[in-house]
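J.: Structure file upload.cif (mmCIF, C-alpha atoms and all ligand atoms; chains and numbers go by the auth columns) right here:
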```
data_query
#
loop_
_atom_site.group_PDB
_atom_site.id
_atom_site.type_symbol
_atom_site.label_atom_id
_atom_site.label_comp_id
_atom_site.label_asym_id
_atom_site.label_seq_id
_atom_site.Cartn_x
_atom_site.Cartn_y
_atom_site.Cartn_z
_atom_site.B_iso_or_equiv
_atom_site.auth_seq_id
_atom_site.auth_asym_id
ATOM 1 C CA MET A 1 17.207 10.799 4.665 0.00 21 A
ATOM 2 C CA LEU A 2 14.604 9.151 6.791 0.00 22 A
ATOM 3 C CA ILE A 3 15.321 8.781 10.456 0.00 23 A
ATOM 4 C CA TYR A 4 14.100 5.688 12.244 0.00 24 A
ATOM 5 C CA ASP A 5 14.094 3.953 15.609 0.00 25 A
ATOM 6 C CA PRO A 6 15.038 0.284 15.399 0.00 26 A
ATOM 7 C CA TYR A 7 13.247 -2.349 17.408 0.00 27 A
ATOM 8 C CA TYR A 8 13.753 -6.106 17.525 0.00 28 A
ATOM 9 C CA PHE A 9 11.344 -8.994 17.578 0.00 29 A
ATOM 10 C CA GLN A 10 11.354 -12.767 17.417 0.00 30 A
ATOM 11 C CA CYS A 11 9.583 -15.359 15.341 0.00 31 A
ATOM 12 C CA PRO A 12 7.292 -17.104 17.848 0.00 32 A
ATOM 13 C CA ASN A 13 7.906 -20.415 16.083 0.00 33 A
ATOM 14 C CA CYS A 14 11.695 -20.659 15.570 0.00 34 A
ATOM 15 C CA GLN A 15 12.870 -17.697 17.693 0.00 35 A
ATOM 16 C CA ALA A 16 14.797 -16.086 14.810 0.00 36 A
ATOM 17 C CA TRP A 17 15.392 -12.355 15.444 0.00 37 A
ATOM 18 C CA PHE A 18 14.323 -9.525 13.180 0.00 38 A
ATOM 19 C CA GLU A 19 15.087 -5.833 13.019 0.00 39 A
ATOM 20 C CA GLY A 20 12.056 -3.577 12.643 0.00 40 A
ATOM 21 C CA ARG A 21 12.015 0.144 12.027 0.00 41 A
ATOM 22 C CA ASN A 22 9.716 2.835 13.272 0.00 42 A
ATOM 23 C CA LEU A 23 10.092 5.556 10.687 0.00 43 A
ATOM 24 C CA LYS A 24 9.932 9.141 11.874 0.00 44 A
ATOM 25 C CA SER A 25 8.095 11.288 9.426 0.00 45 A
ATOM 26 C CA ASP A 26 9.086 14.673 10.867 0.00 46 A
ATOM 27 C CA LEU A 27 12.331 14.893 8.905 0.00 47 A
ATOM 28 C CA VAL A 28 10.871 14.039 5.532 0.00 48 A
ATOM 29 C CA ASN A 29 11.927 15.859 2.374 0.00 49 A
ATOM 30 C CA GLU A 30 9.123 14.622 0.188 0.00 50 A
ATOM 31 C CA ALA A 31 5.739 13.119 1.002 0.00 51 A
ATOM 32 C CA ILE A 32 3.343 11.805 -1.640 0.00 52 A
ATOM 33 C CA LEU A 33 -0.298 11.106 -0.877 0.00 53 A
ATOM 34 C CA TYR A 34 -2.247 8.902 -3.274 0.00 54 A
ATOM 35 C CA SER A 35 -6.015 8.842 -3.573 0.00 55 A
ATOM 36 C CA ASP A 36 -6.212 5.280 -2.167 0.00 56 A
ATOM 37 C CA GLY A 37 -4.629 6.533 1.074 0.00 57 A
ATOM 38 C CA LYS A 38 -1.134 5.193 0.487 0.00 58 A
ATOM 39 C CA ILE A 39 1.512 7.679 1.613 0.00 59 A
ATOM 40 C CA LEU A 40 5.157 7.568 0.641 0.00 60 A
ATOM 41 C CA TYR A 41 7.757 9.485 2.618 0.00 61 A
ATOM 42 C CA ASP A 42 10.991 9.860 0.645 0.00 62 A
ATOM 43 C CA ASN A 43 9.755 6.865 -1.342 0.00 63 A
ATOM 44 C CA PHE A 44 9.169 4.732 1.767 0.00 64 A
ATOM 45 C CA ILE A 45 5.796 3.455 2.818 0.00 65 A
ATOM 46 C CA THR A 46 5.456 4.144 6.530 0.00 66 A
ATOM 47 C CA THR A 47 2.427 1.914 7.114 0.00 67 A
ATOM 48 C CA LEU A 48 3.728 -0.754 9.467 0.00 68 A
ATOM 49 C CA GLN A 49 4.133 -4.234 8.096 0.00 69 A
ATOM 50 C CA LYS A 50 2.113 -6.188 10.625 0.00 70 A
ATOM 51 C CA MET A 51 2.188 -9.544 8.883 0.00 71 A
ATOM 52 C CA VAL A 52 5.602 -11.168 8.881 0.00 72 A
ATOM 53 C CA LEU A 53 6.661 -14.261 6.967 0.00 73 A
ATOM 54 C CA CYS A 54 9.680 -15.777 8.735 0.00 74 A
ATOM 55 C CA PRO A 55 12.446 -16.371 6.158 0.00 75 A
ATOM 56 C CA SER A 56 13.913 -19.000 8.443 0.00 76 A
ATOM 57 C CA CYS A 57 10.956 -21.333 9.074 0.00 77 A
ATOM 58 C CA GLY A 58 8.144 -20.007 6.843 0.00 78 A
ATOM 59 C CA HIS A 59 5.851 -19.274 9.795 0.00 79 A
ATOM 60 C CA THR A 60 3.528 -16.256 9.427 0.00 80 A
ATOM 61 C CA PHE A 61 2.764 -14.055 12.422 0.00 81 A
ATOM 62 C CA TRP A 62 1.496 -10.612 13.404 0.00 82 A
ATOM 63 C CA VAL A 63 3.622 -7.897 14.948 0.00 83 A
ATOM 64 C CA GLU A 64 1.476 -5.145 16.250 0.00 84 A
ATOM 65 C CA HIS A 65 2.162 -3.851 19.727 0.00 85 A
ATOM 66 C CA PRO A 66 5.642 -3.300 21.079 0.00 86 A
ATOM 67 C CA GLU A 67 5.694 -5.670 24.038 0.00 87 A
ATOM 68 C CA GLU A 68 8.553 -7.455 25.681 0.00 88 A
ATOM 69 C CA PRO A 69 9.975 -10.029 25.392 0.00 89 A
ATOM 70 C CA PHE A 70 8.472 -10.609 21.950 0.00 90 A
ATOM 71 C CA ILE A 71 9.451 -7.090 20.925 0.00 91 A
ATOM 72 C CA THR A 72 12.302 -5.181 22.474 0.00 92 A
ATOM 73 C CA PHE A 73 14.221 -1.990 21.805 0.00 93 A
ATOM 74 C CA GLU A 74 17.416 -3.594 23.031 0.00 94 A
ATOM 75 C CA LYS A 75 19.587 -5.087 20.322 0.00 95 A
ATOM 76 C CA PRO A 76 20.035 -8.829 20.934 0.00 96 A
ATOM 77 C CA LYS A 77 23.560 -10.240 20.711 0.00 97 A
ATOM 78 C CA VAL A 78 22.703 -12.809 18.050 0.00 98 A
ATOM 79 C CA ALA A 79 22.327 -12.847 14.265 0.00 99 A
ATOM 80 C CA ILE A 80 19.389 -10.719 13.124 0.00 100 A
ATOM 81 C CA TYR A 81 17.363 -10.591 9.917 0.00 101 A
ATOM 82 C CA SER A 82 17.810 -7.026 8.678 0.00 102 A
ATOM 83 C CA TRP A 83 14.781 -4.890 7.927 0.00 103 A
ATOM 84 C CA ASN A 84 15.421 -5.032 4.180 0.00 104 A
ATOM 85 C CA SER A 85 15.664 -8.818 4.187 0.00 105 A
ATOM 86 C CA TRP A 86 12.163 -9.518 5.528 0.00 106 A
ATOM 87 C CA ARG A 87 9.984 -6.523 4.755 0.00 107 A
ATOM 88 C CA PHE A 88 7.654 -6.993 1.796 0.00 108 A
ATOM 89 C CA TYR A 89 8.485 -10.682 2.146 0.00 109 A
ATOM 90 C CA GLY A 90 11.872 -10.159 0.555 0.00 110 A
ATOM 91 C CA ILE A 91 10.300 -9.088 -2.727 0.00 111 A
ATOM 92 C CA ASN A 92 12.000 -6.710 -5.084 0.00 112 A
ATOM 93 C CA PHE A 93 9.006 -4.930 -6.505 0.00 113 A
ATOM 94 C CA SER A 94 10.742 -2.494 -8.765 0.00 114 A
ATOM 95 C CA ASP A 95 9.271 -4.595 -11.585 0.00 115 A
ATOM 96 C CA ASN A 96 5.823 -6.030 -12.316 0.00 116 A
ATOM 97 C CA ARG A 97 6.827 -9.573 -11.411 0.00 117 A
ATOM 98 C CA GLY A 98 7.633 -8.449 -7.880 0.00 118 A
ATOM 99 C CA LYS A 99 4.373 -6.503 -7.696 0.00 119 A
ATOM 100 C CA LEU A 100 2.407 -9.610 -8.697 0.00 120 A
ATOM 101 C CA ALA A 101 4.314 -11.641 -6.088 0.00 121 A
ATOM 102 C CA LEU A 102 3.289 -9.166 -3.377 0.00 122 A
ATOM 103 C CA ILE A 103 -0.372 -9.482 -4.460 0.00 123 A
ATOM 104 C CA LYS A 104 -0.052 -13.255 -4.213 0.00 124 A
ATOM 105 C CA HIS A 105 1.319 -13.043 -0.668 0.00 125 A
ATOM 106 C CA TYR A 106 -1.674 -11.018 0.528 0.00 126 A
ATOM 107 C CA GLN A 107 -4.094 -13.338 -1.252 0.00 127 A
ATOM 108 C CA GLN A 108 -2.487 -16.341 0.418 0.00 128 A
ATOM 109 C CA PHE A 109 -2.624 -14.734 3.872 0.00 129 A
ATOM 110 C CA LEU A 110 -6.328 -14.023 3.347 0.00 130 A
ATOM 111 C CA LYS A 111 -7.014 -17.557 2.155 0.00 131 A
ATOM 112 C CA LYS A 112 -5.064 -19.185 4.943 0.00 132 A
ATOM 113 C CA SER A 113 -7.105 -18.052 7.878 0.00 133 A
ATOM 114 C CA HIS A 114 -10.128 -16.218 9.166 0.00 134 A
ATOM 115 C CA TYR A 115 -9.126 -12.875 10.636 0.00 135 A
ATOM 116 C CA GLU A 116 -10.817 -10.514 13.036 0.00 136 A
ATOM 117 C CA PRO A 117 -12.245 -7.495 11.145 0.00 137 A
ATOM 118 C CA THR A 118 -9.425 -5.012 11.876 0.00 138 A
ATOM 119 C CA LYS A 119 -6.826 -7.487 10.633 0.00 139 A
ATOM 120 C CA GLU A 120 -8.833 -8.382 7.556 0.00 140 A
ATOM 121 C CA ILE A 121 -9.284 -4.668 6.813 0.00 141 A
ATOM 122 C CA TYR A 122 -5.531 -4.187 7.158 0.00 142 A
ATOM 123 C CA LEU A 123 -4.721 -7.060 4.768 0.00 143 A
ATOM 124 C CA ARG A 124 -7.395 -6.127 2.226 0.00 144 A
ATOM 125 C CA ARG A 125 -6.295 -2.500 2.203 0.00 145 A
ATOM 126 C CA LEU A 126 -2.701 -3.543 1.533 0.00 146 A
ATOM 127 C CA LEU A 127 -3.913 -5.933 -1.172 0.00 147 A
ATOM 128 C CA TRP A 128 -5.886 -3.044 -2.722 0.00 148 A
ATOM 129 C CA TRP A 129 -2.725 -0.866 -2.709 0.00 149 A
ATOM 130 C CA ALA A 130 -0.674 -3.734 -4.134 0.00 150 A
ATOM 131 C CA TYR A 131 -3.056 -4.056 -7.121 0.00 151 A
ATOM 132 C CA ASN A 132 -2.923 -0.284 -7.569 0.00 152 A
ATOM 133 C CA ASP A 133 0.883 -0.418 -7.538 0.00 153 A
ATOM 134 C CA LEU A 134 0.634 -2.103 -10.949 0.00 154 A
ATOM 135 C CA HIS A 135 -0.426 1.223 -12.472 0.00 155 A
ATOM 136 C CA ARG A 136 0.346 3.753 -9.753 0.00 156 A
ATOM 137 C CA ASN A 137 1.847 6.934 -11.262 0.00 157 A
ATOM 138 C CA PHE A 138 0.219 6.096 -14.599 0.00 158 A
ATOM 139 C CA HIS A 139 0.432 9.817 -15.530 0.00 159 A
ATOM 140 C CA PHE A 140 4.162 9.284 -16.090 0.00 160 A
ATOM 141 C CA ILE A 141 3.428 7.600 -19.421 0.00 161 A
ATOM 142 C CA ARG A 142 2.804 11.073 -20.870 0.00 162 A
ATOM 143 C CA TRP A 143 5.533 12.533 -23.028 0.00 163 A
ATOM 144 C CA LYS A 144 5.603 15.707 -20.991 0.00 164 A
ATOM 145 C CA TYR A 145 7.399 13.906 -18.157 0.00 165 A
ATOM 146 C CA PHE A 146 10.235 13.174 -20.511 0.00 166 A
ATOM 147 C CA LEU A 147 10.103 16.528 -22.267 0.00 167 A
ATOM 148 C CA ASN A 148 10.166 18.400 -18.950 0.00 168 A
ATOM 149 C CA GLY A 149 13.567 16.917 -18.321 0.00 169 A
ATOM 150 C CA PHE A 150 12.130 15.168 -15.304 0.00 170 A
ATOM 151 C CA MET A 151 13.816 11.892 -16.312 0.00 171 A
ATOM 152 C CA SER A 152 16.318 10.818 -18.954 0.00 172 A
ATOM 153 C CA TYR A 153 14.825 9.173 -22.043 0.00 173 A
ATOM 154 C CA GLY A 154 16.148 5.739 -21.033 0.00 174 A
ATOM 155 C CA VAL A 155 14.705 5.900 -17.518 0.00 175 A
ATOM 156 C CA TRP A 156 11.421 7.359 -18.674 0.00 176 A
ATOM 157 C CA SER A 157 10.859 4.861 -21.501 0.00 177 A
ATOM 158 C CA ALA A 158 11.659 1.869 -19.252 0.00 178 A
ATOM 159 C CA TYR A 159 9.283 3.224 -16.599 0.00 179 A
ATOM 160 C CA ARG A 160 6.635 3.860 -19.257 0.00 180 A
ATOM 161 C CA ARG A 161 6.952 0.299 -20.570 0.00 181 A
ATOM 162 C CA MET A 162 6.546 -1.059 -17.036 0.00 182 A
ATOM 163 C CA LEU A 163 3.436 1.076 -16.444 0.00 183 A
ATOM 164 C CA LEU A 164 1.807 0.074 -19.730 0.00 184 A
ATOM 165 C CA GLU A 165 2.464 -3.589 -18.957 0.00 185 A
ATOM 166 C CA GLY A 166 1.249 -2.984 -15.372 0.00 186 A
ATOM 167 C CA GLU A 167 -2.004 -1.519 -16.690 0.00 187 A
ATOM 168 C CA LYS A 168 -2.582 -4.657 -18.760 0.00 188 A
ATOM 169 C CA LEU A 169 -1.906 -6.842 -15.705 0.00 189 A
ATOM 170 C CA PHE A 170 -4.223 -4.678 -13.620 0.00 190 A
ATOM 171 C CA LEU A 171 -7.056 -5.128 -16.121 0.00 191 A
ATOM 172 C CA LYS A 172 -6.369 -8.858 -16.293 0.00 192 A
ATOM 173 C CA ASN A 173 -6.856 -8.983 -12.508 0.00 193 A
ATOM 174 C CA LEU A 174 -9.813 -6.597 -12.435 0.00 194 A
ATOM 175 C CA LYS A 175 -12.302 -9.175 -11.188 0.00 195 A
ATOM 176 C CA ALA A 176 -10.137 -10.099 -8.205 0.00 196 A
ATOM 177 C CA PHE A 177 -9.390 -6.387 -7.588 0.00 197 A
ATOM 178 C CA ASN A 178 -13.121 -5.593 -7.508 0.00 198 A
ATOM 179 C CA SER A 179 -14.047 -8.475 -5.259 0.00 199 A
ATOM 180 C CA ASN A 180 -11.327 -7.521 -2.742 0.00 200 A
ATOM 181 C CA LEU A 181 -12.488 -3.898 -2.794 0.00 201 A
ATOM 182 C CA GLU A 182 -16.144 -4.883 -2.361 0.00 202 A
ATOM 183 C CA ARG A 183 -15.251 -7.011 0.642 0.00 203 A
ATOM 184 C CA LEU A 184 -13.170 -4.137 2.111 0.00 204 A
ATOM 185 C CA GLN A 185 -16.074 -1.770 1.505 0.00 205 A
ATOM 186 C CA ALA A 186 -18.481 -4.063 3.384 0.00 206 A
ATOM 187 C CA LEU A 187 -16.046 -4.373 6.306 0.00 207 A
ATOM 188 C CA LEU A 188 -15.489 -0.611 6.494 0.00 208 A
ATOM 189 C CA GLU A 189 -19.217 0.051 6.416 0.00 209 A
ATOM 190 C CA LYS A 190 -19.551 -2.145 9.491 0.00 210 A
ATOM 191 C CA HIS A 191 -16.493 -0.558 11.115 0.00 211 A
ATOM 192 C CA PRO A 192 -16.571 3.158 10.270 0.00 212 A
ATOM 193 C CA GLU A 193 -13.941 3.841 12.959 0.00 213 A
ATOM 194 C CA GLU A 194 -11.417 2.066 10.702 0.00 214 A
ATOM 195 C CA GLN A 195 -12.125 4.263 7.661 0.00 215 A
ATOM 196 C CA PHE A 196 -9.543 6.724 6.390 0.00 216 A
ATOM 197 C CA ASP A 197 -10.678 10.183 5.420 0.00 217 A
ATOM 198 C CA LEU A 198 -12.489 9.968 2.045 0.00 218 A
ATOM 199 C CA GLU A 199 -11.822 6.245 1.790 0.00 219 A
ATOM 200 C CA MET A 200 -15.450 5.331 1.061 0.00 220 A
ATOM 201 C CA PRO A 201 -15.932 7.705 -1.916 0.00 221 A
ATOM 202 C CA GLU A 202 -12.543 6.577 -3.224 0.00 222 A
ATOM 203 C CA ILE A 203 -13.609 2.929 -3.063 0.00 223 A
ATOM 204 C CA TYR A 204 -16.788 3.738 -5.012 0.00 224 A
ATOM 205 C CA ARG A 205 -14.754 5.692 -7.555 0.00 225 A
ATOM 206 C CA GLU A 206 -12.276 2.833 -8.019 0.00 226 A
ATOM 207 C CA LEU A 207 -15.212 0.416 -8.368 0.00 227 A
ATOM 208 C CA ARG A 208 -16.304 2.821 -11.130 0.00 228 A
ATOM 209 C CA GLN A 209 -19.540 3.697 -9.337 0.00 229 A
ATOM 210 C CA PHE A 210 -18.945 7.370 -10.072 0.00 230 A
ATOM 211 C CA ASP A 211 -22.425 8.678 -9.219 0.00 231 A
ATOM 212 C CA LYS A 212 -22.270 7.134 -5.757 0.00 232 A
ATOM 213 C CA ALA A 213 -18.745 8.548 -5.260 0.00 233 A
ATOM 214 C CA LYS A 214 -19.955 12.026 -6.231 0.00 234 A
ATOM 215 C CA GLU A 215 -22.966 11.702 -3.952 0.00 235 A
ATOM 216 C CA LEU A 216 -20.704 10.954 -0.956 0.00 236 A
ATOM 217 C CA LEU A 217 -18.309 13.734 -1.911 0.00 237 A
ATOM 218 C CA ASP A 218 -21.149 16.249 -2.141 0.00 238 A
ATOM 219 C CA GLN A 219 -22.049 15.360 1.434 0.00 239 A
ATOM 220 C CA ALA A 220 -18.511 16.099 2.678 0.00 240 A
ATOM 221 C CA THR A 221 -18.628 19.060 5.032 0.00 241 A
ATOM 222 C CA SER A 222 -15.398 20.699 3.895 0.00 242 A
ATOM 223 C CA ARG A 223 -14.095 21.087 0.377 0.00 243 A
ATOM 224 C CA THR A 224 -10.409 20.323 0.228 0.00 244 A
ATOM 225 C CA HIS A 225 -7.991 19.893 -2.643 0.00 245 A
ATOM 226 C CA PHE A 226 -8.436 16.129 -2.158 0.00 246 A
ATOM 227 C CA THR A 227 -12.263 16.345 -2.410 0.00 247 A
ATOM 228 C CA ASN A 228 -12.078 18.562 -5.493 0.00 248 A
ATOM 229 C CA GLU A 229 -9.613 16.263 -7.237 0.00 249 A
ATOM 230 C CA MET A 230 -11.764 13.240 -6.480 0.00 250 A
ATOM 231 C CA ILE A 231 -14.844 14.984 -7.870 0.00 251 A
ATOM 232 C CA ARG A 232 -12.894 15.891 -11.013 0.00 252 A
ATOM 233 C CA HIS A 233 -11.720 12.314 -11.551 0.00 253 A
ATOM 234 C CA SER A 234 -15.252 11.004 -10.911 0.00 254 A
ATOM 235 C CA LYS A 235 -16.641 13.394 -13.518 0.00 255 A
ATOM 236 C CA TRP A 236 -14.058 12.145 -16.031 0.00 256 A
ATOM 237 C CA LYS A 237 -15.175 8.603 -15.143 0.00 257 A
ATOM 238 C CA ASP A 238 -11.581 7.819 -14.268 0.00 258 A
ATOM 239 C CA GLY A 239 -11.275 5.047 -11.707 0.00 259 A
ATOM 240 C CA ARG A 240 -7.466 4.910 -11.573 0.00 260 A
ATOM 241 C CA VAL A 241 -5.533 5.741 -8.409 0.00 261 A
ATOM 242 C CA PHE A 242 -4.003 9.234 -8.664 0.00 262 A
ATOM 243 C CA VAL A 243 -1.537 11.500 -6.855 0.00 263 A
ATOM 244 C CA VAL A 244 -3.274 13.946 -4.518 0.00 264 A
ATOM 245 C CA THR A 245 -0.229 15.847 -3.296 0.00 265 A
ATOM 246 C CA GLY A 246 3.472 15.489 -3.853 0.00 266 A
HETATM 247 ZN ZN ZN B . 10.589 -18.676 12.234 0.00 1 B
#
```
As structure tokens - that is how I would like this structure written.
Ligand SMILES: [Zn+2]

T.:
Amino acid sequence: MLIYDPYYFQCPNCQAWFEGRNLKSDLVNEAILYSDGKILYDNFITTLQKMVLCPSCGHTFWVEHPEEPFITFEKPKVAIYSWNSWRFYGINFSDNRGKLALIKHYQQFLKKSHYEPTKEIYLRRLLWWAYNDLHRNFHFIRWKYFLNGFMSYGVWSAYRRMLLEGEKLFLKNLKAFNSNLERLQALLEKHPEEQFDLEMPEIYRELRQFDKAKELLDQATSRTHFTNEMIRHSKWKDGRVFVVTG
């Protein structure tokens, strides 16, 4: 079970109230780190959702710093949109249709306005992860995950079907995926303080520029499991997102 601290905030346009959650990662049973930097704790993404789409009036706004009265830790005595009702824009992305809808939301946010670099980096990184969600955990298509008794045949074959379809959708969107990643790369080069550890070699690897990825990895001062795995995948000329630990 994840433990969280609730906080409450208001839509600046229609004053509807929302419940937000600050997840505490210290009581986590299982954490999974993916090569693109996405981390799941007990299957929850803990990266804050900073862009909110108000279900009541359709207004989009940023929630970043806990400040009153816009954000409060005191529960208001009025009806509140629950966390589950607004996060990920109300999308159920346990199927590929939901995953595509999430991609569309990020694309629309990016089209709608010009953002300062840190905000654009945030949105483009989440768009990158959303594309990768189409074929994240692609290794599960292998028979061994069924044969190991990891999942029942029904669950495994449905998951496998979704991943194979997701891979097709990913490839169909490859041009848009690349152009988002190239733009993110350019922004991160200008703002190195915003880079995650090993994010630049990973971007090169996912853009299938494997020699450049290896070159950056060779320059890394310490060799970690993450670095070694990334070198291995670059040597295989595999540009897919993979599980680093978990
Ligand atoms: Zn509103």

J.: Given a cut-off of 9 Å, what residues near ligand ZN 1 (chain B) show up using all atoms listed in the file, put as a PyMOL selection string?

T.: chain A and resi 30-37+73-80

J.: What's the 9 Å shell around A:Lys124, counting all atoms listed in the file, without same-chain residues fewer than 5 positions away, as a PDB file with C-alpha atoms, in the frame of the given file?

T.:
```pdb
ATOM      1  CA  LYS A 119       4.373  -6.503  -7.696  1.00  0.00           C
ATOM      2  CA  PHE A 129      -2.624 -14.734   3.872  1.00  0.00           C
ATOM      3  CA  LEU A 147      -3.913  -5.933  -1.172  1.00  0.00           C
TER       4      LEU A 147
END
```

J.: Env of A:Leu201: 7 Å cut, atoms = only C-alpha atoms, seq-sep filter 4 positions within chain, self excluded. Answer as a ChimeraX atom specification.

T.: /A:148,197,205,223

J.: When you draw a straight line from atom CA of A:Tyr173 to atom CA of A:Thr265, how long is it in Å?

T.: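 Separation of atom CA of A:Tyr173 and atom CA of A:Thr265: 25.0 Å.
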
J.: Kindly resolve the PyMOL selection byres (((chain A and resi 120) around 10) and not hetatm) on the present coordinates and return the residues as a short mmCIF file (atom, residue, chain, number, x, y, z; two decimals) with C-alpha atoms, keeping the file's coordinate frame.

T.:
```
data_model
loop_
_atom_site.label_atom_id
_atom_site.label_comp_id
_atom_site.auth_asym_id
_atom_site.auth_seq_id
_atom_site.Cartn_x
_atom_site.Cartn_y
_atom_site.Cartn_z
CA ILE A 111 10.30 -9.09 -2.73
CA PHE A 113 9.01 -4.93 -6.50
CA ASP A 115 9.27 -4.60 -11.58
CA ASN A 116 5.82 -6.03 -12.32
CA ARG A 117 6.83 -9.57 -11.41
CA GLY A 118 7.63 -8.45 -7.88
CA LYS A 119 4.37 -6.50 -7.70
CA ALA A 121 4.31 -11.64 -6.09
CA LEU A 122 3.29 -9.17 -3.38
CA ILE A 123 -0.37 -9.48 -4.46
CA LYS A 124 -0.05 -13.26 -4.21
CA HIS A 125 1.32 -13.04 -0.67
CA ALA A 150 -0.67 -3.73 -4.13
CA TYR A 151 -3.06 -4.06 -7.12
CA ASP A 153 0.88 -0.42 -7.54
CA LEU A 154 0.63 -2.10 -10.95
CA GLY A 186 1.25 -2.98 -15.37
CA LEU A 189 -1.91 -6.84 -15.70
CA PHE A 190 -4.22 -4.68 -13.62
#
```

J.: Identify all residues satisfying the PyMOL selection byres (((chain A and resi 82) around 9) and not hetatm) in the given file; provide them as a VMD selection string.

T.: chain A and resid 69 to 72 80 to 81 83 to 84

J.: A:His253, A:Arg243, A:His134, A:Arg107: which is nearest A:Glu222, counting only C-alpha atoms?

T.: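 Closest residue, counting only C-alpha atoms: A:His253.
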
J.: Between atom CA of A:Leu60 and atom CA of A:Gln239, what is the distance, to one decimal in Å?

T.: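 The value is 28.3 Å.
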
J.: Can you turn the PyMOL selection byres (((chain A and resi 232) around 12) and not hetatm) into a concrete residue list for this file, as a ChimeraX atom specification?

T.: /A:220-231,233-239,251,254-255,257

J.: I need the residue nearest A:Ala206 from this list: A:Glu140, A:Ile100, A:Phe29, A:Tyr61. Use only C-alpha atoms for the distance.

T.: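 Using only C-alpha atoms, A:Ala206 sits closest to A:Glu140.
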
J.: Do you know which residues are at most 12 Å from A:Tyr27 counting all atoms listed in the file, after dropping those on the same chain fewer than 3 positions away, and could you put them as a PyMOL selection string?

T.: chain A and resi 24+30+37-43+83+85-96+100-103

J.: Would you export the selected residues with C-alpha atoms as an mmCIF file, keeping the file's coordinate frame, please?

T.:
```
data_model
loop_
_atom_site.group_PDB
_atom_site.id
_atom_site.type_symbol
_atom_site.label_atom_id
_atom_site.label_comp_id
_atom_site.auth_asym_id
_atom_site.auth_seq_id
_atom_site.Cartn_x
_atom_site.Cartn_y
_atom_site.Cartn_z
ATOM 1 C CA TYR A 24 14.100 5.688 12.244
ATOM 2 C CA GLN A 30 11.354 -12.767 17.417
ATOM 3 C CA TRP A 37 15.392 -12.355 15.444
ATOM 4 C CA PHE A 38 14.323 -9.525 13.180
ATOM 5 C CA GLU A 39 15.087 -5.833 13.019
ATOM 6 C CA GLY A 40 12.056 -3.577 12.643
ATOM 7 C CA ARG A 41 12.015 0.144 12.027
ATOM 8 C CA ASN A 42 9.716 2.835 13.272
ATOM 9 C CA LEU A 43 10.092 5.556 10.687
ATOM 10 C CA VAL A 83 3.622 -7.897 14.948
ATOM 11 C CA HIS A 85 2.162 -3.851 19.727
ATOM 12 C CA PRO A 86 5.642 -3.300 21.079
ATOM 13 C CA GLU A 87 5.694 -5.670 24.038
ATOM 14 C CA GLU A 88 8.553 -7.455 25.681
ATOM 15 C CA PRO A 89 9.975 -10.029 25.392
ATOM 16 C CA PHE A 90 8.472 -10.609 21.950
ATOM 17 C CA ILE A 91 9.451 -7.090 20.925
ATOM 18 C CA THR A 92 12.302 -5.181 22.474
ATOM 19 C CA PHE A 93 14.221 -1.990 21.805
ATOM 20 C CA GLU A 94 17.416 -3.594 23.031
ATOM 21 C CA LYS A 95 19.587 -5.087 20.322
ATOM 22 C CA PRO A 96 20.035 -8.829 20.934
ATOM 23 C CA ILE A 100 19.389 -10.719 13.124
ATOM 24 C CA TYR A 101 17.363 -10.591 9.917
ATOM 25 C CA SER A 102 17.810 -7.026 8.678
ATOM 26 C CA TRP A 103 14.781 -4.890 7.927
#
```

J.: Could you jot down the atom CA of A:Phe158 to atom CA of A:Tyr179 separation for me, Å, one decimal place?

T.: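 Result for atom CA of A:Phe158 versus atom CA of A:Tyr179: 9.7 Å, one decimal.
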
J.: Let me have the centre and edge lengths in Å, one decimal, of the box along x, y and z around every listed atom of stretch 158-167 of chain A with 8 Å of margin on each side, as AutoDock Vina command-line options.

T.:
```
--center_x 5.2 --center_y 11.3 --center_z -18.8 --size_x 26.0 --size_y 26.4 --size_z 24.4
```
